[in-house]
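Dumped structure_30.cif below, it's mmCIF, C-alpha atoms:
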```cif
data_input
#
loop_
_atom_site.label_atom_id
_atom_site.label_comp_id
_atom_site.auth_asym_id
_atom_site.auth_seq_id
_atom_site.Cartn_x
_atom_site.Cartn_y
_atom_site.Cartn_z
CA MET A 1 0.00 0.00 0.00
CA ILE A 2 2.82 2.40 0.89
CA LYS A 3 4.62 1.60 -2.37
CA ARG A 4 1.46 2.29 -4.37
CA MET A 5 0.99 5.58 -2.52
CA PHE A 6 4.52 6.72 -3.32
CA VAL A 7 4.14 5.63 -6.96
CA PHE A 8 1.00 7.74 -7.20
CA ILE A 9 2.74 10.70 -5.57
CA MET A 10 5.63 10.41 -8.01
CA PHE A 11 3.20 10.20 -10.91
CA CYS A 12 1.37 13.35 -9.79
CA SER A 13 4.70 15.13 -9.25
CA ILE A 14 5.89 14.26 -12.75
CA VAL A 15 2.57 15.41 -14.22
CA GLY A 16 2.78 18.69 -12.30
CA ILE A 17 6.41 19.35 -13.24
CA LYS A 18 5.73 18.54 -16.89
CA ALA A 19 2.71 20.83 -16.92
CA ASN A 20 4.73 23.56 -15.24
CA ALA A 21 7.45 23.33 -17.86
CA GLN A 22 5.09 23.81 -20.76
CA SER A 23 4.61 27.22 -22.32
CA SER A 24 0.86 26.70 -22.72
CA PRO A 25 -1.58 28.74 -20.58
CA PRO A 26 -1.99 27.50 -16.99
CA ASN A 27 -4.80 25.12 -16.11
CA MET A 28 -7.84 26.57 -14.31
CA PRO A 29 -6.39 30.10 -14.04
CA GLU A 30 -9.41 31.46 -12.09
CA TYR A 31 -9.70 28.56 -9.67
CA ASP A 32 -7.99 30.27 -6.72
CA GLU A 33 -10.30 33.27 -6.99
CA GLN A 34 -13.25 31.19 -5.80
CA VAL A 35 -14.13 31.77 -2.14
CA LEU A 36 -15.12 28.19 -1.27
CA HIS A 37 -13.89 24.82 -2.54
CA PHE A 38 -14.97 21.28 -1.70
CA GLY A 39 -13.09 18.06 -2.17
CA VAL A 40 -12.31 14.53 -1.07
CA THR A 41 -9.17 13.40 0.73
CA LEU A 42 -7.66 9.90 0.83
CA GLY A 43 -4.55 8.86 2.65
CA TYR A 44 -2.21 6.62 4.53
CA ASN A 45 -1.41 7.16 8.20
CA SER A 46 0.90 5.73 10.82
CA LEU A 47 -0.26 5.83 14.46
CA TYR A 48 2.25 5.76 17.29
CA SER A 49 1.44 5.71 21.01
CA ASN A 50 4.12 7.44 23.09
CA MET A 51 4.30 5.55 26.42
CA VAL A 52 5.96 7.69 29.11
CA LYS A 53 7.18 5.82 32.19
CA LYS A 54 6.86 7.17 35.71
CA ALA A 55 9.87 8.88 37.24
CA ASP A 56 9.44 6.84 40.44
CA LEU A 57 8.68 3.40 39.09
CA PRO A 58 6.88 0.96 41.37
CA LEU A 59 8.88 -2.12 42.32
CA TYR A 60 7.46 -4.87 40.15
CA ASP A 61 9.22 -8.16 39.55
CA THR A 62 7.16 -9.01 36.45
CA ILE A 63 7.23 -6.00 34.05
CA MET A 64 10.75 -5.71 32.67
CA GLY A 65 10.03 -3.24 29.87
CA PHE A 66 7.42 -1.97 27.42
CA SER A 67 7.13 -0.40 23.98
CA SER A 68 4.60 0.67 21.36
CA HIS A 69 4.73 -0.12 17.65
CA SER A 70 3.73 2.23 14.86
CA GLU A 71 0.81 0.78 12.93
CA PRO A 72 -0.37 1.68 9.39
CA GLY A 73 -3.90 2.78 8.65
CA LEU A 74 -6.22 4.43 6.14
CA ALA A 75 -8.01 7.77 6.14
CA ILE A 76 -10.91 9.10 4.11
CA GLY A 77 -12.61 12.47 4.47
CA VAL A 78 -14.24 15.46 2.82
CA SER A 79 -12.74 18.94 2.74
CA ALA A 80 -14.17 22.44 2.75
CA ASP A 81 -11.64 25.16 1.89
CA LEU A 82 -12.46 28.83 2.60
CA ARG A 83 -10.26 31.55 1.06
CA LEU A 84 -9.50 34.22 3.67
CA LEU A 85 -6.73 35.98 1.74
CA SER A 86 -4.95 35.27 -1.53
CA PHE A 87 -2.31 33.26 0.33
CA LEU A 88 -4.31 32.10 3.39
CA HIS A 89 -7.10 29.51 3.47
CA LEU A 90 -9.07 27.93 6.32
CA ARG A 91 -9.86 24.24 5.94
CA PHE A 92 -12.33 21.96 7.71
CA ILE A 93 -11.73 18.27 6.94
CA PRO A 94 -13.94 15.79 8.82
CA THR A 95 -12.11 12.49 8.45
CA LEU A 96 -12.55 8.83 9.32
CA VAL A 97 -9.25 7.15 10.28
CA LEU A 98 -8.84 3.39 10.63
CA SER A 99 -5.77 2.14 12.45
CA GLU A 100 -4.55 0.10 15.43
CA ARG A 101 -2.54 0.49 18.63
CA THR A 102 -0.06 -2.21 19.59
CA PHE A 103 1.47 -2.34 23.07
CA VAL A 104 4.24 -4.81 23.89
CA TYR A 105 5.39 -5.73 27.43
CA ASN A 106 8.39 -7.83 28.38
CA VAL A 107 7.24 -9.96 31.30
CA LEU A 108 9.19 -12.17 33.70
CA LYS A 109 7.00 -15.02 34.88
CA ASN A 110 8.15 -18.23 36.58
CA ASP A 111 11.77 -17.32 35.82
CA ASN A 112 10.93 -17.15 32.09
CA TYR A 113 10.87 -14.06 29.90
CA THR A 114 7.76 -13.76 27.75
CA GLU A 115 6.22 -11.09 25.56
CA ARG A 116 2.70 -9.84 26.23
CA ARG A 117 1.22 -8.10 23.20
CA ASN A 118 -2.04 -6.17 23.15
CA SER A 119 -3.59 -4.74 19.94
CA LEU A 120 -6.52 -2.33 20.12
CA GLU A 121 -8.55 -1.28 17.10
CA VAL A 122 -8.73 2.48 16.50
CA ILE A 123 -11.58 4.15 14.61
CA TYR A 124 -10.96 7.88 14.77
CA LEU A 125 -13.59 10.44 13.84
CA GLU A 126 -11.57 13.63 13.37
CA ALA A 127 -12.77 17.23 13.23
CA PRO A 128 -9.73 19.33 12.22
CA LEU A 129 -9.41 23.04 11.50
CA GLU A 130 -6.27 23.96 9.57
CA LEU A 131 -4.71 27.10 8.17
CA LYS A 132 -3.27 26.62 4.70
CA ILE A 133 -0.51 29.15 3.96
CA GLN A 134 0.23 29.20 0.24
CA SER A 135 3.16 30.51 -1.76
CA LYS A 136 2.87 32.17 -5.14
CA ARG A 137 1.49 29.94 -7.89
CA TYR A 138 4.09 28.76 -10.39
CA HIS A 139 2.14 27.96 -13.54
CA ASN A 140 0.40 24.68 -12.49
CA PHE A 141 2.25 24.14 -9.21
CA ARG A 142 1.82 25.73 -5.77
CA PRO A 143 3.46 24.63 -2.47
CA TYR A 144 1.92 25.38 0.93
CA LEU A 145 2.32 24.97 4.69
CA LEU A 146 -0.26 23.64 7.15
CA ALA A 147 -0.90 24.39 10.81
CA GLY A 148 -3.94 23.70 12.94
CA GLY A 149 -5.66 21.66 15.61
CA LYS A 150 -8.35 19.03 15.87
CA PHE A 151 -10.70 17.18 18.18
CA VAL A 152 -10.75 13.39 17.83
CA TYR A 153 -13.23 10.81 19.09
CA ASP A 154 -12.23 7.14 19.05
CA MET A 155 -15.31 5.11 18.10
CA GLY A 156 -13.25 1.95 18.64
CA SER A 157 -13.86 2.51 22.37
CA ILE A 158 -17.45 1.34 21.83
CA LYS A 159 -16.20 -2.06 20.68
CA ARG A 160 -13.58 -2.23 23.44
CA LYS A 161 -16.31 -2.00 26.10
CA LYS A 162 -17.45 -5.45 25.00
CA LEU A 163 -14.03 -7.02 25.62
CA LYS A 164 -13.38 -9.21 28.62
CA PRO A 165 -10.95 -7.82 31.25
CA GLU A 166 -8.30 -10.38 30.29
CA GLU A 167 -8.41 -9.21 26.66
CA TYR A 168 -6.80 -5.82 27.33
CA LEU A 169 -3.90 -4.58 29.42
CA MET A 170 -5.13 -1.01 29.92
CA LYS A 171 -8.06 1.30 29.37
CA LEU A 172 -7.79 4.39 27.16
CA GLU A 173 -9.80 7.59 26.96
CA ASN A 174 -11.88 8.03 23.81
CA LYS A 175 -11.39 11.80 23.33
CA GLU A 176 -8.17 13.53 22.25
CA LEU A 177 -6.88 16.94 21.21
CA PHE A 178 -4.08 17.35 18.65
CA TYR A 179 -2.07 20.08 16.96
CA THR A 180 -0.97 19.53 13.37
CA LEU A 181 1.94 20.73 11.22
CA GLY A 182 2.62 19.85 7.62
CA VAL A 183 3.63 20.72 4.09
CA GLY A 184 1.85 20.17 0.77
CA PHE A 185 1.92 20.70 -2.97
CA ASP A 186 -1.00 21.59 -5.25
CA PHE A 187 -0.99 20.48 -8.88
CA TYR A 188 -3.44 22.15 -11.26
CA LEU A 189 -4.66 19.70 -13.89
CA PRO A 190 -7.04 20.47 -16.76
CA MET A 191 -10.14 19.15 -14.93
CA CYS A 192 -9.24 19.21 -11.23
CA LYS A 193 -6.66 20.19 -8.63
CA ILE A 194 -4.72 17.51 -6.74
CA GLY A 195 -3.04 18.25 -3.44
CA ILE A 196 -0.35 15.98 -1.99
CA GLU A 197 0.59 16.63 1.63
CA LEU A 198 2.73 15.26 4.43
CA LYS A 199 1.73 16.17 7.97
CA SER A 200 2.02 15.06 11.58
CA SER A 201 -0.48 15.41 14.41
CA PHE A 202 0.76 15.49 18.00
CA GLY A 203 -1.50 14.57 20.92
CA LEU A 204 -1.97 17.16 23.66
CA THR A 205 -3.99 15.00 26.04
CA ASP A 206 -3.09 11.98 28.13
CA ILE A 207 -5.30 9.07 27.00
CA LEU A 208 -4.36 6.60 29.74
CA ASP A 209 -7.23 5.82 32.13
CA HIS A 210 -5.50 6.06 35.51
CA ASN A 211 -8.53 4.62 37.30
CA PHE A 212 -7.76 1.23 35.79
CA ASN A 213 -4.91 -0.01 37.98
CA ASN A 214 -2.71 -3.01 37.31
CA ALA A 215 0.98 -3.77 36.81
CA TYR A 216 0.78 -2.71 33.15
CA THR A 217 -0.56 0.77 33.86
CA ASP A 218 1.03 1.56 37.22
CA CYS A 219 4.45 1.88 35.58
CA LEU A 220 3.15 4.50 33.10
CA ASP A 221 2.88 8.25 33.68
CA LYS A 222 0.92 8.94 30.50
CA ILE A 223 0.26 7.90 26.90
CA LYS A 224 0.05 10.41 24.06
CA SER A 225 -0.68 9.77 20.39
CA GLN A 226 1.27 10.85 17.34
CA ILE A 227 0.02 10.33 13.78
CA PHE A 228 1.87 10.78 10.48
CA TYR A 229 -0.20 11.27 7.30
CA ILE A 230 0.37 11.08 3.58
CA ASN A 231 -2.82 12.50 2.06
CA ILE A 232 -4.07 13.19 -1.45
CA THR A 233 -6.86 15.73 -1.88
CA PHE A 234 -9.01 16.00 -5.01
CA GLU A 235 -10.90 19.24 -5.66
#
```

Please rewrite the model in this file as structure tokens.
Amino acid sequence: MIKRMFVFIMFCSIVGIKANAQSSPPNMPEYDEQVLHFGVTLGYNSLYSNMVKKADLPLYDTIMGFSSHSEPGLAIGVSADLRLLSFLHLRFIPTLVLSERTFVYNVLKNDNYTERRNSLEVIYLEAPLELKIQSKRYHNFRPYLLAGGKFVYDMGSIKRKKLKPEEYLMKLENKELFYTLGVGFDFYLPMCKIGIELKSSFGLTDILDHNFNNAYTDCLDKIKSQIFYINITFE
């Protein structure tokens, strides 16, 4: 999937560069003068859970270490783009993100080291607001920067409530706040505009439920999420 995504990005880049090099009139020359645009966004994402250990660790003789693995996922959403100034746009992009969290603990039990792995399904419903800061348009090519924030609700928490206690190592909150930074490139084609962007969202809130106490959670101070995106927007 990642290889296909990069192939598509390279294809769009080549198309944009080729179109930019031509001496013909630019595609859709009046497009950026419109006040409001709508589109669809598709993308790949990688979710990472940053597990922060406590400064004063409890004395446990079973938990020897822990880690979190980055997991790939998919994202699909719709975009509404409002032109505030010629170089500044405000975007609202409600998005559905499908991914997974994987926690790994190294456990010492009966003088044997074992690995305890716990995977939790993530179904994010995101409501982001982003500022899109654009450079000057170069024929059919225009780079931009992104900055913003978003509220996220994890609908996977509904399914996790049905799990048995032995099926999970910890409980997580279902609401999160993020800030987002990124960079993108718009390519103006004859019939549409394609935007390719790379961005990262950093969690501001601790999602660990501290009311759920066991050896796996007592050694943790907090858990925060970080998500990397490769998105393609069609307008």

So, counting all atoms listed in the file, which residue among A:Glu126, A:Glu173, A:Asp81, A:Asp56 is closest to Phe151 in chain A?
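Using all atoms listed in the file, the shortest distance to Phe151 in chain A belongs to A:Glu126.
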
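When you apply the PyMOL selection byres ((chain A and resi 171) around 7) to this structure, what comes back is Met170, Leu172, Glu173, Leu208, Asp209 and Phe212 of chain A.
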
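When all atoms listed in the file are used to compute distances to Leu36 in chain A, the closest of the residues A:Arg137, A:Arg91, A:His69, A:Lys53 turns out to be A:Arg91.
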
When the PyMOL selection byres ((chain A and resi 144) around 6) is applied to the structure above, which residues does it catch, written out as a list in words?
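Output of the PyMOL selection byres ((chain A and resi 144) around 6): Ile133, Gln134, Ser135, Pro143, Leu145, Val183 and Gly184 of chain A.
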
Listing only residues of range 51-142 of chain A within 10 Å of range 192-197 of chain A, what is the closest atom pair and its distance in Å (to one decimal) for each, using only C-alpha atoms, sorted by chain and residue number ascending, as JSON lines?
```
{"residue": "A:Asn140", "atom": "CA", "partner": "A:Lys193", "partner_atom": "CA", "distance": 9.2}
{"residue": "A:Phe141", "atom": "CA", "partner": "A:Lys193", "partner_atom": "CA", "distance": 9.8}
{"residue": "A:Arg142", "atom": "CA", "partner": "A:Gly195", "partner_atom": "CA", "distance": 9.2}
```

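With CA of Tyr113 in chain A on one side and CA of Gly65 in chain A on the other, the separation reads 10.9 Å.
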
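Around the point (10.8, 2.9, 32.4), within 9 Å and counting only C-alpha atoms, we find these residues: A:Val52, A:Lys53, A:Lys54, A:Ala55, A:Leu57, A:Met64, A:Gly65, A:Phe66, A:Cys219, A:Leu220.
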
Writing out the chosen residues with C-alpha atoms as a tab-separated table (two decimals), in the coordinates of the input:
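Output file selection-v9.tsv is given in full below:
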```tsv
chain	number	residue	atom	x	y	z
A	52	VAL	CA	5.96	7.69	29.11
A	53	LYS	CA	7.18	5.82	32.19
A	54	LYS	CA	6.86	7.17	35.71
A	55	ALA	CA	9.87	8.88	37.24
A	57	LEU	CA	8.68	3.40	39.09
A	64	MET	CA	10.75	-5.71	32.67
A	65	GLY	CA	10.03	-3.24	29.87
A	66	PHE	CA	7.42	-1.97	27.42
A	219	CYS	CA	4.45	1.88	35.58
A	220	LEU	CA	3.15	4.50	33.10
```

Interatomic distance, CA of Gly73 in chain A to CA of Val97 in chain A (Å, one decimal)
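Rounded to one decimal, the two atoms are 7.1 Å apart.
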
So how many Å separate CA of Ser68 in chain A and CA of Glu115 in chain A, to one decimal?
12.6 Å

I need the output of the PyMOL selection byres ((chain A and resi 225) around 12) for this file as JSON, numbers by chain; which residues are they?
{"A": [46, 47, 48, 49, 50, 51, 52, 68, 69, 70, 71, 100, 101, 122, 124, 152, 154, 172, 173, 174, 175, 176, 177, 178, 179, 200, 201, 202, 203, 204, 205, 206, 207, 208, 222, 223, 224, 226, 227, 228]}
